[in-house]
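Structure file my_file09.pdb (PDB, N, CA and C atoms) is printed below.
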ATOM      1  N   MET A  10      -8.935 -14.665 -12.300
ATOM      2  CA  MET A  10      -9.068 -13.640 -11.275
ATOM      3  C   MET A  10     -10.360 -13.892 -10.514
ATOM      4  N   SER A  11     -10.279 -13.846  -9.235
ATOM      5  CA  SER A  11     -11.427 -14.066  -8.371
ATOM      6  C   SER A  11     -12.046 -12.720  -7.994
ATOM      7  N   ALA A  12     -13.301 -12.529  -8.408
ATOM      8  CA  ALA A  12     -13.978 -11.263  -8.108
ATOM      9  C   ALA A  12     -14.097 -11.008  -6.606
ATOM     10  N   PRO A  13     -14.482 -12.025  -5.799
ATOM     11  CA  PRO A  13     -14.555 -11.756  -4.356
ATOM     12  C   PRO A  13     -13.199 -11.366  -3.753
ATOM     13  N   GLU A  14     -12.135 -12.044  -4.179
ATOM     14  CA  GLU A  14     -10.806 -11.700  -3.649
ATOM     15  C   GLU A  14     -10.388 -10.304  -4.095
ATOM     16  N   THR A  15     -10.742  -9.931  -5.300
ATOM     17  CA  THR A  15     -10.409  -8.597  -5.800
ATOM     18  C   THR A  15     -11.121  -7.532  -4.979
ATOM     19  N   LYS A  16     -12.382  -7.779  -4.650
ATOM     20  CA  LYS A  16     -13.137  -6.830  -3.819
ATOM     21  C   LYS A  16     -12.530  -6.713  -2.429
ATOM     22  N   VAL A  17     -12.130  -7.839  -1.870
ATOM     23  CA  VAL A  17     -11.517  -7.828  -0.540
ATOM     24  C   VAL A  17     -10.186  -7.088  -0.588
ATOM     25  N   LEU A  18      -9.390  -7.356  -1.614
ATOM     26  CA  LEU A  18      -8.108  -6.660  -1.773
ATOM     27  C   LEU A  18      -8.330  -5.156  -1.860
ATOM     28  N   LEU A  19      -9.294  -4.742  -2.651
ATOM     29  CA  LEU A  19      -9.581  -3.313  -2.792
ATOM     30  C   LEU A  19      -9.971  -2.705  -1.450
ATOM     31  N   LYS A  20     -10.808  -3.390  -0.699
ATOM     32  CA  LYS A  20     -11.230  -2.884   0.613
ATOM     33  C   LYS A  20     -10.032  -2.798   1.567
ATOM     34  N   MET A  21      -9.162  -3.795   1.526
ATOM     35  CA  MET A  21      -7.986  -3.773   2.399
ATOM     36  C   MET A  21      -7.050  -2.622   2.033
ATOM     37  N   LEU A  22      -6.881  -2.367   0.744
ATOM     38  CA  LEU A  22      -6.042  -1.245   0.310
ATOM     39  C   LEU A  22      -6.639   0.080   0.762
ATOM     40  N   MET A  23      -7.948   0.200   0.649
ATOM     41  CA  MET A  23      -8.604   1.438   1.065
ATOM     42  C   MET A  23      -8.487   1.636   2.577
ATOM     43  N   THR A  24      -8.541   0.558   3.314
ATOM     44  CA  THR A  24      -8.367   0.637   4.768
ATOM     45  C   THR A  24      -6.939   1.046   5.113
ATOM     46  N   LEU A  25      -5.978   0.533   4.364
ATOM     47  CA  LEU A  25      -4.584   0.934   4.587
ATOM     48  C   LEU A  25      -4.423   2.439   4.388
ATOM     49  N   VAL A  26      -5.040   2.993   3.359
ATOM     50  CA  VAL A  26      -4.969   4.440   3.128
ATOM     51  C   VAL A  26      -5.602   5.201   4.287
ATOM     52  N   GLU A  27      -6.745   4.724   4.766
ATOM     53  CA  GLU A  27      -7.394   5.375   5.909
ATOM     54  C   GLU A  27      -6.486   5.344   7.139
ATOM     55  N   ASP A  28      -5.882   4.184   7.376
ATOM     56  CA  ASP A  28      -4.971   4.057   8.513
ATOM     57  C   ASP A  28      -3.776   4.998   8.371
ATOM     58  N   LEU A  29      -3.248   5.111   7.157
ATOM     59  CA  LEU A  29      -2.126   6.023   6.912
ATOM     60  C   LEU A  29      -2.524   7.465   7.202
ATOM     61  N   GLN A  30      -3.707   7.845   6.754
ATOM     62  CA  GLN A  30      -4.171   9.214   6.989
ATOM     63  C   GLN A  30      -4.358   9.481   8.475
ATOM     64  N   ASN A  31      -4.941   8.525   9.165
ATOM     65  CA  ASN A  31      -5.166   8.692  10.605
ATOM     66  C   ASN A  31      -3.857   8.827  11.367
ATOM     67  N   ILE A  32      -2.896   7.988  11.046
ATOM     68  CA  ILE A  32      -1.637   8.001  11.789
ATOM     69  C   ILE A  32      -0.796   9.234  11.438
ATOM     70  N   GLN A  33      -0.882   9.696  10.198
ATOM     71  CA  GLN A  33      -0.114  10.873   9.792
ATOM     72  C   GLN A  33      -0.589  12.122  10.525
ATOM     73  N   GLN A  34      -1.847  12.156  10.892
ATOM     74  CA  GLN A  34      -2.373  13.299  11.627
ATOM     75  C   GLN A  34      -1.780  13.385  13.031
ATOM     76  N   ARG A  35      -1.314  12.271  13.543
ATOM     77  CA  ARG A  35      -0.735  12.253  14.882
ATOM     78  C   ARG A  35       0.714  12.717  14.902
ATOM     79  N   GLY A  36       1.360  12.670  13.748
ATOM     80  CA  GLY A  36       2.752  13.095  13.676
ATOM     81  C   GLY A  36       3.690  11.917  13.554
ATOM     82  N   ALA A  37       4.780  12.126  12.863
ATOM     83  CA  ALA A  37       5.714  11.055  12.530
ATOM     84  C   ALA A  37       6.436  10.479  13.736
ATOM     85  N   GLY A  38       6.485  11.188  14.825
ATOM     86  CA  GLY A  38       7.204  10.685  15.979
ATOM     87  C   GLY A  38       6.453   9.627  16.762
ATOM     88  N   TYR A  39       5.184   9.439  16.436
ATOM     89  CA  TYR A  39       4.336   8.570  17.247
ATOM     90  C   TYR A  39       3.987   7.235  16.624
ATOM     91  N   TYR A  40       4.586   6.871  15.517
ATOM     92  CA  TYR A  40       4.247   5.594  14.912
ATOM     93  C   TYR A  40       5.462   4.951  14.268
ATOM     94  N   ASP A  41       5.295   3.668  14.003
ATOM     95  CA  ASP A  41       6.322   2.891  13.333
ATOM     96  C   ASP A  41       5.874   2.688  11.890
ATOM     97  N   SER A  42       6.587   3.230  10.948
ATOM     98  CA  SER A  42       6.203   3.136   9.538
ATOM     99  C   SER A  42       6.411   1.743   8.970
ATOM    100  N   GLU A  43       7.178   0.913   9.656
ATOM    101  CA  GLU A  43       7.471  -0.433   9.148
ATOM    102  C   GLU A  43       6.215  -1.287   8.995
ATOM    103  N   SER A  44       5.263  -1.125   9.879
ATOM    104  CA  SER A  44       4.038  -1.925   9.774
ATOM    105  C   SER A  44       3.265  -1.577   8.505
ATOM    106  N   PHE A  45       3.310  -0.314   8.094
ATOM    107  CA  PHE A  45       2.634   0.093   6.872
ATOM    108  C   PHE A  45       3.364  -0.431   5.638
ATOM    109  N   VAL A  46       4.676  -0.392   5.669
ATOM    110  CA  VAL A  46       5.482  -0.916   4.565
ATOM    111  C   VAL A  46       5.232  -2.411   4.407
ATOM    112  N   SER A  47       5.249  -3.120   5.507
ATOM    113  CA  SER A  47       5.026  -4.560   5.485
ATOM    114  C   SER A  47       3.643  -4.894   4.936
ATOM    115  N   ARG A  48       2.628  -4.198   5.402
ATOM    116  CA  ARG A  48       1.259  -4.438   4.934
ATOM    117  C   ARG A  48       1.138  -4.136   3.446
ATOM    118  N   TYR A  49       1.699  -3.007   2.999
ATOM    119  CA  TYR A  49       1.640  -2.665   1.570
ATOM    120  C   TYR A  49       2.298  -3.756   0.736
ATOM    121  N   ASN A  50       3.470  -4.204   1.156
ATOM    122  CA  ASN A  50       4.199  -5.215   0.386
ATOM    123  C   ASN A  50       3.408  -6.523   0.293
ATOM    124  N   ARG A  51       2.741  -6.912   1.359
ATOM    125  CA  ARG A  51       1.937  -8.137   1.320
ATOM    126  C   ARG A  51       0.719  -7.967   0.424
ATOM    127  N   LEU A  52       0.087  -6.793   0.455
ATOM    128  CA  LEU A  52      -1.058  -6.549  -0.423
ATOM    129  C   LEU A  52      -0.618  -6.462  -1.884
ATOM    130  N   LEU A  53       0.554  -5.895  -2.113
ATOM    131  CA  LEU A  53       1.101  -5.856  -3.467
ATOM    132  C   LEU A  53       1.339  -7.269  -3.989
ATOM    133  N   GLU A  54       1.865  -8.120  -3.151
ATOM    134  CA  GLU A  54       2.097  -9.517  -3.534
ATOM    135  C   GLU A  54       0.771 -10.216  -3.870
ATOM    136  N   ALA A  55      -0.261  -9.940  -3.084
ATOM    137  CA  ALA A  55      -1.577 -10.520  -3.354
ATOM    138  C   ALA A  55      -2.126 -10.023  -4.687
ATOM    139  N   ALA A  56      -1.929  -8.735  -4.971
ATOM    140  CA  ALA A  56      -2.384  -8.181  -6.253
ATOM    141  C   ALA A  56      -1.636  -8.829  -7.413
ATOM    142  N   ALA A  57      -0.348  -9.046  -7.245
ATOM    143  CA  ALA A  57       0.446  -9.690  -8.298
ATOM    144  C   ALA A  57      -0.052 -11.111  -8.552
ATOM    145  N   ASP A  58      -0.472 -11.798  -7.493
ATOM    146  CA  ASP A  58      -1.025 -13.147  -7.650
ATOM    147  C   ASP A  58      -2.372 -13.123  -8.370
ATOM    148  N   LEU A  59      -3.184 -12.089  -8.100
ATOM    149  CA  LEU A  59      -4.499 -11.978  -8.732
ATOM    150  C   LEU A  59      -4.420 -11.563 -10.196
ATOM    151  N   PHE A  60      -3.384 -10.785 -10.537
ATOM    152  CA  PHE A  60      -3.256 -10.259 -11.898
ATOM    153  C   PHE A  60      -1.891 -10.610 -12.489
ATOM    154  N   PRO A  61      -1.582 -11.888 -12.609
ATOM    155  CA  PRO A  61      -0.232 -12.297 -13.029
ATOM    156  C   PRO A  61       0.125 -11.930 -14.472
ATOM    157  N   ASP A  62      -0.873 -11.725 -15.324
ATOM    158  CA  ASP A  62      -0.602 -11.445 -16.732
ATOM    159  C   ASP A  62      -0.605  -9.956 -17.072
ATOM    160  N   SER A  63      -0.766  -9.112 -16.081
ATOM    161  CA  SER A  63      -0.848  -7.676 -16.337
ATOM    162  C   SER A  63       0.535  -7.039 -16.454
ATOM    163  N   ARG A  64       0.751  -6.349 -17.577
ATOM    164  CA  ARG A  64       2.004  -5.601 -17.747
ATOM    165  C   ARG A  64       2.078  -4.435 -16.769
ATOM    166  N   LEU A  65       0.941  -3.839 -16.459
ATOM    167  CA  LEU A  65       0.930  -2.696 -15.545
ATOM    168  C   LEU A  65       1.275  -3.110 -14.121
ATOM    169  N   MET A  66       1.001  -4.347 -13.782
ATOM    170  CA  MET A  66       1.350  -4.822 -12.444
ATOM    171  C   MET A  66       2.856  -4.740 -12.233
ATOM    172  N   LYS A  67       3.607  -4.829 -13.321
ATOM    173  CA  LYS A  67       5.069  -4.761 -13.234
ATOM    174  C   LYS A  67       5.579  -3.350 -12.940
ATOM    175  N   THR A  68       4.689  -2.351 -12.984
ATOM    176  CA  THR A  68       5.103  -0.985 -12.669
ATOM    177  C   THR A  68       5.198  -0.760 -11.160
ATOM    178  N   PHE A  69       4.707  -1.722 -10.390
ATOM    179  CA  PHE A  69       4.758  -1.631  -8.933
ATOM    180  C   PHE A  69       5.946  -2.422  -8.404
ATOM    181  N   SER A  70       6.556  -1.909  -7.363
ATOM    182  CA  SER A  70       7.673  -2.591  -6.713
ATOM    183  C   SER A  70       7.458  -2.578  -5.208
ATOM    184  N   PRO A  71       7.954  -3.597  -4.530
ATOM    185  CA  PRO A  71       7.887  -3.557  -3.063
ATOM    186  C   PRO A  71       8.660  -2.348  -2.542
ATOM    187  N   ILE A  72       8.235  -1.848  -1.422
ATOM    188  CA  ILE A  72       8.900  -0.711  -0.790
ATOM    189  C   ILE A  72       9.883  -1.256   0.235
ATOM    190  N   GLU A  73      11.091  -0.732   0.197
ATOM    191  CA  GLU A  73      12.121  -1.176   1.138
ATOM    192  C   GLU A  73      11.884  -0.556   2.512
ATOM    193  N   SER A  74      12.128  -1.366   3.514
ATOM    194  CA  SER A  74      11.976  -0.906   4.895
ATOM    195  C   SER A  74      13.124   0.013   5.281
ATOM    196  N   SER A  75      12.858   0.838   6.258
ATOM    197  CA  SER A  75      13.876   1.718   6.813
ATOM    198  C   SER A  75      13.718   1.696   8.323
ATOM    199  N   LYS A  76      14.790   1.444   9.014
ATOM    200  CA  LYS A  76      14.735   1.369  10.482
ATOM    201  C   LYS A  76      14.959   2.735  11.139
ATOM    202  N   SER A  77      14.908   3.777  10.351
ATOM    203  CA  SER A  77      15.158   5.117  10.872
ATOM    204  C   SER A  77      14.101   5.513  11.910
ATOM    205  N   VAL A  78      14.548   6.189  12.936
ATOM    206  CA  VAL A  78      13.632   6.724  13.939
ATOM    207  C   VAL A  78      13.421   8.232  13.738
ATOM    208  N   ASP A  79      14.082   8.780  12.734
ATOM    209  CA  ASP A  79      13.932  10.191  12.408
ATOM    210  C   ASP A  79      12.511  10.440  11.896
ATOM    211  N   PRO A  80      11.767  11.335  12.535
ATOM    212  CA  PRO A  80      10.397  11.610  12.107
ATOM    213  C   PRO A  80      10.281  12.016  10.633
ATOM    214  N   ALA A  81      11.253  12.741  10.116
ATOM    215  CA  ALA A  81      11.203  13.149   8.707
ATOM    216  C   ALA A  81      11.327  11.935   7.787
ATOM    217  N   ASP A  82      12.199  11.006   8.130
ATOM    218  CA  ASP A  82      12.352   9.787   7.330
ATOM    219  C   ASP A  82      11.092   8.939   7.384
ATOM    220  N   LYS A  83      10.514   8.822   8.569
ATOM    221  CA  LYS A  83       9.284   8.040   8.709
ATOM    222  C   LYS A  83       8.149   8.676   7.916
ATOM    223  N   MET A  84       8.080  10.000   7.929
ATOM    224  CA  MET A  84       7.035  10.691   7.197
ATOM    225  C   MET A  84       7.202  10.476   5.691
ATOM    226  N   LYS A  85       8.439  10.546   5.191
ATOM    227  CA  LYS A  85       8.692  10.314   3.769
ATOM    228  C   LYS A  85       8.310   8.899   3.365
ATOM    229  N   LEU A  86       8.680   7.936   4.182
ATOM    230  CA  LEU A  86       8.374   6.544   3.886
ATOM    231  C   LEU A  86       6.860   6.307   3.902
ATOM    232  N   THR A  87       6.198   6.859   4.877
ATOM    233  CA  THR A  87       4.749   6.712   4.968
ATOM    234  C   THR A  87       4.059   7.386   3.781
ATOM    235  N   HIS A  88       4.575   8.514   3.375
ATOM    236  CA  HIS A  88       4.026   9.216   2.212
ATOM    237  C   HIS A  88       4.193   8.360   0.955
ATOM    238  N   LYS A  89       5.335   7.727   0.813
ATOM    239  CA  LYS A  89       5.575   6.846  -0.338
ATOM    240  C   LYS A  89       4.581   5.687  -0.344
ATOM    241  N   VAL A  90       4.357   5.083   0.824
ATOM    242  CA  VAL A  90       3.392   3.989   0.921
ATOM    243  C   VAL A  90       2.008   4.485   0.524
ATOM    244  N   HIS A  91       1.666   5.677   0.973
ATOM    245  CA  HIS A  91       0.359   6.260   0.657
ATOM    246  C   HIS A  91       0.192   6.439  -0.852
ATOM    247  N   ILE A  92       1.164   7.007  -1.503
ATOM    248  CA  ILE A  92       1.100   7.231  -2.946
ATOM    249  C   ILE A  92       0.990   5.905  -3.700
ATOM    250  N   GLU A  93       1.843   4.962  -3.361
ATOM    251  CA  GLU A  93       1.827   3.666  -4.044
ATOM    252  C   GLU A  93       0.518   2.917  -3.797
ATOM    253  N   THR A  94      -0.011   3.023  -2.594
ATOM    254  CA  THR A  94      -1.285   2.369  -2.294
ATOM    255  C   THR A  94      -2.413   2.994  -3.092
ATOM    256  N   ASP A  95      -2.422   4.314  -3.203
ATOM    257  CA  ASP A  95      -3.434   4.984  -4.027
ATOM    258  C   ASP A  95      -3.365   4.508  -5.480
ATOM    259  N   GLN A  96      -2.157   4.352  -6.003
ATOM    260  CA  GLN A  96      -1.995   3.871  -7.372
ATOM    261  C   GLN A  96      -2.467   2.426  -7.511
ATOM    262  N   LEU A  97      -2.175   1.608  -6.524
ATOM    263  CA  LEU A  97      -2.614   0.219  -6.556
ATOM    264  C   LEU A  97      -4.139   0.135  -6.462
ATOM    265  N   ILE A  98      -4.745   1.006  -5.690
ATOM    266  CA  ILE A  98      -6.206   1.078  -5.620
ATOM    267  C   ILE A  98      -6.777   1.406  -6.999
ATOM    268  N   ALA A  99      -6.191   2.368  -7.671
ATOM    269  CA  ALA A  99      -6.648   2.735  -9.011
ATOM    270  C   ALA A  99      -6.530   1.555  -9.968
ATOM    271  N   PHE A 100      -5.420   0.829  -9.888
ATOM    272  CA  PHE A 100      -5.209  -0.325 -10.751
ATOM    273  C   PHE A 100      -6.255  -1.399 -10.484
ATOM    274  N   VAL A 101      -6.445  -1.770  -9.220
ATOM    275  CA  VAL A 101      -7.382  -2.823  -8.872
ATOM    276  C   VAL A 101      -8.808  -2.406  -9.236
ATOM    277  N   SER A 102      -9.156  -1.157  -8.978
ATOM    278  CA  SER A 102     -10.495  -0.667  -9.333
ATOM    279  C   SER A 102     -10.752  -0.775 -10.831
ATOM    280  N   ALA A 103      -9.759  -0.422 -11.614
ATOM    281  CA  ALA A 103      -9.903  -0.494 -13.074
ATOM    282  C   ALA A 103     -10.066  -1.944 -13.545
ATOM    283  N   GLN A 104      -9.447  -2.878 -12.853
ATOM    284  CA  GLN A 104      -9.581  -4.295 -13.204
ATOM    285  C   GLN A 104     -10.998  -4.806 -12.948
ATOM    286  N   MET A 105     -11.702  -4.141 -12.055
ATOM    287  CA  MET A 105     -13.053  -4.574 -11.711
ATOM    288  C   MET A 105     -14.095  -4.043 -12.683
ATOM    289  N   ASP A 106     -13.735  -3.043 -13.464
ATOM    290  CA  ASP A 106     -14.694  -2.446 -14.416
ATOM    291  C   ASP A 106     -14.940  -3.338 -15.606
TER     292      ASP A 106
END
Let's see the structure in the file written out as structure tokens.
Amino acid sequence: MSAPETKVLLKMLMTLVEDLQNIQQRGAGYYDSESFVSRYNRLLEAAADLFPDSRLMKTFSPIESSKSVDPADKMKLTHKVHIETDQLIAFVSAQMD
């Protein structure tokens, strides 16, 4: 495990959460949730590469995209990304201790 890469991953995950919070304040009709899903999935893949032997890493799964334009669907999907990202932040932070 590379400590510098782990720190960068943690910072990127925290930035994703900030971006999610900022965009959610604007309302679900004004953003595309797919970019957040895509970013989360790529960061999850990077975490899996950094921690290949962790059993807990297997508790995370990629989030499936949804092409829905319904604001309620986008809000649910964005909320899911937010929750999973928070959990991944907790996991990565614990690995650094």
Legend entry - alpha helix (DSSP H) per DSSP on the backbone: members of region 16-92 of chain A, as a ChimeraX atom specification: /A:16-35,43-59,80-92
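CA of Asp79 (chain A) is positioned 25.9 Å from CA of Leu52 (chain A).
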Legend entry - Explicit residues for the PyMOL selection byres (((chain A and resi 21-35 and name CA) around 8) and name CA) (as a list in words): Val17, Leu18, Leu19, Lys20, Gly36, Ala37, Tyr39, Tyr40, Phe45, Arg48, Tyr49, Leu52, Met84, Thr87, His91, Thr94, Asp95, Leu97 and Ile98 of chain A
Legend entry - Selection result of the PyMOL selection byres (((chain A and resi 66 and name CA) around 10) and name CA) on this file, as a PyMOL selection string: chain A and resi 53+56-65+67-70+97+100-101
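In terms of minimum interatomic distance to Ser77 (chain A), A:Ser42 ranks closest within A:Gln96, A:Ser47, A:Gln104, A:Ser42, counting only C-alpha atoms.
Of note, CA of Asp41 (chain A) and atom C of Lys83 (chain A) are spaced 8.1 Å apart.
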